[in-house]
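Report on one structure; see the data block that follows.
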Amino acid sequence: MRNLQKIHFSVMQDTSKQYDAVIETCKSLFLKKMSDYGTAWRILRLPSLTDQIFIKAQRIRSIQQNDVRKVDEGEVSEFIGIINYCVMALIQLEKGVVEQPDMVADEVEELYDKHINITKKLMEDKNHDYGEAWRDMRVSSLTDLILQKLLRVKSIENNQGKTQVSEGVDANYQDMINYAVFAMIHLNN
């Protein structure tokens, strides 16, 4: 039993390192784009961000199903987009939508890290309870789960954010980040 716990702990440490490496890639691109575009995304309402994530997830599904591509970008860049748009959505949930970009890079980076740390903690807690079941999943299944979460978010948004017994949109964005990270870990292996 003790050896099994050591193996599980070792895999969890690997997951943590792999997770951090994926996030480092995503954050680096996020910060470079912010350098180019500023924080123009701060004017986007949540349904607009949800739609951007939906477009990325649909493109991934299309790539997975079609042999021919007309745009030379693969799944990885789309998963990065999903992660970064989800972080934007979490920031918008916390800070609200504005009419003009209103944040400096340091503030956005701090919020990015805050929401990723909360989301990673959620992943670690679920990973503990589920025994890293995602490692046996296909990337296509992770894509489908992201699409399912998006449909849930759209439904919640259509109900003005009200739910009776379900998690809110924030938990769904966090799950999408974690599914996209898992997919990228699979694609990198």
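So you can find residues: chains in the structure tokens are A, B, ... in the order shown, residues in each start at 1, and ligands are numbered from 1 in order.
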
Exercise: His186 (chain A) partners within 9 Å, only C-alpha atoms, chain neighbours under 6 positions left out, as a PyMOL selection string = chain A and resi 135+138-139

Could you give me, as a ChimeraX atom specification, each residue of region 33-178 of chain A that DSSP assigns to alpha helix (DSSP H) when run on this structure's backbone?
-> /A:33-37,46-65,75-95,105-130,139-158,169-178

Could you jot down the CA of Glu75 (chain A) to CA of Ile91 (chain A) separation for me, Å, one decimal place?
->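 According to the coordinates, CA of Glu75 (chain A) and CA of Ile91 (chain A) are separated by 24.5 Å.
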
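Using only C-alpha atoms for every distance, the candidate list A:Arg42, A:Thr143, A:Phe182, A:Leu151 yields A:Thr143 as the residue closest to Ser62 (chain A).
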
Show which residues sit within 10 Å of Met176 (chain A), as a PyMOL selection string. Count only C-alpha atoms, and ignore same-chain residues fewer than 2 positions away.
-> chain A and resi 53+79+82-83+86+119+142-143+145-150+170-174+178-182

Mind dumping a table of every region 57-87 of chain A residue within 9 Å of region 29-38 of chain A, with the nearest atom pair and its distance in Å to one decimal, using only C-alpha atoms, sorted by chain and rising number, as a tab-separated table?
```
residue	atom	partner	partner_atom	distance
A:Ile80	CA	A:Leu29	CA	8.5
A:Gly81	CA	A:Phe30	CA	8.9
A:Asn84	CA	A:Phe30	CA	6.6
```

Tell me which protein, DNA and RNA residues are within 9 Å of Tyr112 (chain A), counting only C-alpha atoms, leaving out same-chain ones fewer than 5 positions away, and put them as a VMD selection string.
-> chain A and resid 27 84 87 to 88 90 to 91 107 117

Selection file, N, CA, C and O atoms, as a short mmCIF file (atom, residue, chain, number, x, y, z; two decimals), in the first residue's frame:
```cif
data_model
loop_
_atom_site.label_atom_id
_atom_site.label_comp_id
_atom_site.auth_asym_id
_atom_site.auth_seq_id
_atom_site.Cartn_x
_atom_site.Cartn_y
_atom_site.Cartn_z
N LYS A 27 0.78 31.42 -20.58
CA LYS A 27 0.96 32.74 -19.98
C LYS A 27 1.93 33.58 -20.79
O LYS A 27 1.72 34.78 -20.99
N ASN A 84 -6.37 30.64 -22.25
CA ASN A 84 -6.23 32.08 -22.05
C ASN A 84 -7.58 32.80 -22.07
O ASN A 84 -7.79 33.73 -21.27
N VAL A 87 -9.17 32.23 -18.70
CA VAL A 87 -8.59 33.11 -17.68
C VAL A 87 -9.18 34.51 -17.81
O VAL A 87 -9.54 35.15 -16.81
N MET A 88 -9.29 35.00 -19.04
CA MET A 88 -9.92 36.31 -19.26
C MET A 88 -11.33 36.33 -18.67
O MET A 88 -11.73 37.31 -18.02
N LEU A 90 -12.56 34.50 -16.25
CA LEU A 90 -12.50 34.50 -14.78
C LEU A 90 -12.15 35.89 -14.25
O LEU A 90 -12.70 36.34 -13.24
N ILE A 91 -11.26 36.58 -14.95
CA ILE A 91 -10.93 37.95 -14.56
C ILE A 91 -12.14 38.86 -14.74
O ILE A 91 -12.45 39.68 -13.87
N GLU A 107 -0.91 44.22 -13.14
CA GLU A 107 -2.17 43.86 -12.50
C GLU A 107 -2.80 42.64 -13.18
O GLU A 107 -3.27 41.72 -12.52
N ASN A 117 -3.73 29.66 -10.17
CA ASN A 117 -3.43 28.97 -8.91
C ASN A 117 -4.68 28.35 -8.30
O ASN A 117 -4.65 27.21 -7.82
#
```

Smallest atom-to-atom distance to Ile118 (chain A): which of A:Asp67, A:Glu157, A:Ile177, A:Gln92, using only C-alpha atoms?
->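 For Ile118 (chain A), the nearest of the candidates is A:Ile177.
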
So which one's closest to Pro101 (chain A), A:Val22, A:Leu187, A:Leu44, A:Leu49? Using only C-alpha atoms, please.
-> A:Leu44

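Put simply, CA of Glu99 (chain A) is 24.6 Å away from CA of Gly168 (chain A).
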
From A:Met103, A:Leu93, A:Leu46, A:Ala183, residue lying nearest Asp144 (chain A) [only C-alpha atoms] =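 Smallest distance to Asp144 (chain A) is found for A:Ala183.
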
When distances are computed from only C-alpha atoms, which of A:Gln164, A:Leu122, A:Met184, A:Gly74 shows the smallest separation from Ile23 (chain A)?
-> A:Met184

Would you work out the distance separating CA of Asp106 (chain A) from CA of Thr39 (chain A), expressed in Å to one decimal?
-> 11.5 Å
